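Beneath this line is the structure, given in structure tokens, with notes to follow.
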Amino acid sequence: MDNYAVANAMTTVNQLIPLVEEAEAQFKSARNWSFLDIFGGGFIIDLIKHHKLGKASQYMNEVDRLLHVLASQLGQINIPDDYRMQMNGFVTFADFMFDGIFVDAYMTHKIMSSLEQVRQLKDKLYILRERLFSMR
């Protein structure tokens, strides 16, 4: 890999890391609101939680785009298939309409799973940045 390719990949990784960190912060916040929801939240808590999840999703859409750019810059790299929360419309509907401990616990589990996957992605990006830095 020549210096130009390493520099381009490094730039992309440096763009990715803050986006992943922002997504992580949104997932953390959604997780906290989700815990509150389990213990008797309600409609307002659901709105805040889903707003946080929406923001996390926006960040992750940009992360997804940049991961594909990075894949083309580096050649063949492993891009995770499911590193962000995948919710269909029914789950969101159920969270608002059937607001109860089982739906809230399911949402909390999904949020925590997504948070862990985002953290793993962040860790991999830090490792990749170090490797690219050493290649300069």
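Simple scheme: letters A, B, ... for chains in structure tokens order, numbers from 1 for residues in each chain, numbers from 1 for ligands in the order shown.
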Near-Gly75 in chain A list (12 Å; only C-alpha atoms; drop same-chain fewer than 4 positions) as a PDB file with N, CA and C atoms, in the first residue's frame:
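Resulting contents of around.pdb:
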```pdb
ATOM      1  N   MET A   1       0.846  -1.167   0.000  1.00  0.00           N
ATOM      2  CA  MET A   1       0.000   0.000   0.000  1.00  0.00           C
ATOM      3  C   MET A   1       0.897   1.238   0.000  1.00  0.00           C
ATOM      4  N   ALA A   5      -2.396   6.022  -0.599  1.00  0.00           N
ATOM      5  CA  ALA A   5      -3.518   5.176  -0.189  1.00  0.00           C
ATOM      6  C   ALA A   5      -3.642   5.139   1.335  1.00  0.00           C
ATOM      7  N   VAL A   6      -2.506   5.065   2.025  1.00  0.00           N
ATOM      8  CA  VAL A   6      -2.514   5.067   3.485  1.00  0.00           C
ATOM      9  C   VAL A   6      -3.075   6.389   4.004  1.00  0.00           C
ATOM     10  N   ALA A   9      -6.870   6.466   3.469  1.00  0.00           N
ATOM     11  CA  ALA A   9      -7.535   5.580   4.429  1.00  0.00           C
ATOM     12  C   ALA A   9      -7.505   6.199   5.823  1.00  0.00           C
ATOM     13  N   LEU A  67     -17.700   3.526   5.698  1.00  0.00           N
ATOM     14  CA  LEU A  67     -17.105   2.192   5.750  1.00  0.00           C
ATOM     15  C   LEU A  67     -16.952   1.601   4.347  1.00  0.00           C
ATOM     16  N   HIS A  68     -17.913   1.893   3.488  1.00  0.00           N
ATOM     17  CA  HIS A  68     -17.797   1.419   2.111  1.00  0.00           C
ATOM     18  C   HIS A  68     -16.688   2.161   1.358  1.00  0.00           C
ATOM     19  N   VAL A  69     -16.525   3.436   1.648  1.00  0.00           N
ATOM     20  CA  VAL A  69     -15.406   4.194   1.074  1.00  0.00           C
ATOM     21  C   VAL A  69     -14.088   3.583   1.551  1.00  0.00           C
ATOM     22  N   LEU A  70     -14.013   3.320   2.837  1.00  0.00           N
ATOM     23  CA  LEU A  70     -12.806   2.733   3.416  1.00  0.00           C
ATOM     24  C   LEU A  70     -12.522   1.358   2.808  1.00  0.00           C
ATOM     25  N   ALA A  71     -13.556   0.573   2.606  1.00  0.00           N
ATOM     26  CA  ALA A  71     -13.371  -0.749   1.997  1.00  0.00           C
ATOM     27  C   ALA A  71     -12.770  -0.628   0.609  1.00  0.00           C
ATOM     28  N   ILE A  79     -16.543  -5.694   6.666  1.00  0.00           N
ATOM     29  CA  ILE A  79     -17.485  -4.695   7.148  1.00  0.00           C
ATOM     30  C   ILE A  79     -18.596  -5.433   7.881  1.00  0.00           C
TER      31      ILE A  79
END
```
Polymer residues at most 10 Å from Tyr106 in chain A, only C-alpha atoms, same-chain spacing of 3 or more positions, as a PDB file with C-alpha atoms, in the first residue's frame:
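Below is the file around13.pdb, written as the result:
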```pdb
ATOM      1  CA  SER A  34     -34.938   2.736  28.067  1.00  0.00           C
ATOM      2  CA  ILE A  38     -38.877  -0.205  32.076  1.00  0.00           C
ATOM      3  CA  VAL A  91     -41.311  -2.736  17.117  1.00  0.00           C
ATOM      4  CA  ASP A  95     -43.115   0.302  22.050  1.00  0.00           C
ATOM      5  CA  ILE A 101     -42.367  -4.314  30.717  1.00  0.00           C
ATOM      6  CA  PHE A 102     -41.924  -6.990  28.034  1.00  0.00           C
ATOM      7  CA  VAL A 103     -41.743  -4.575  25.101  1.00  0.00           C
ATOM      8  CA  HIS A 109     -31.970  -5.540  24.925  1.00  0.00           C
ATOM      9  CA  LYS A 110     -31.893  -4.327  21.294  1.00  0.00           C
ATOM     10  CA  ILE A 111     -30.376  -0.994  22.310  1.00  0.00           C
ATOM     11  CA  MET A 112     -27.712  -2.637  24.481  1.00  0.00           C
TER      12      MET A 112
END
```
Item to check | Nearest to Lys55 in chain A by atom-to-atom distance, counting only C-alpha atoms, from A:Glu22, A:Asp2, A:Glu116, A:Asp37 | outcome: A:Glu22
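Minimum atom-to-atom distance to Leu132 in chain A, evaluated using only C-alpha atoms, belongs to A:Leu74 out of A:Met60, A:Ile17, A:Leu74, A:Ile48.
Among A:Leu66, A:Ala7, A:Leu115, A:Ile127, the residue with the shortest atom-to-atom distance to Asn32 in chain A, counting only C-alpha atoms, is A:Leu115.
Among the candidates A:Thr11, A:Asn3, A:Val20, A:Ser114, the one nearest to Asp64 in chain A when counting only C-alpha atoms is A:Val20.
Straight-line separation from CA of Asp46 in chain A to CA of Leu16 in chain A: 28.7 Å.
Between CA of Lys124 in chain A and CA of Glu21 in chain A the separation is 12.6 Å.
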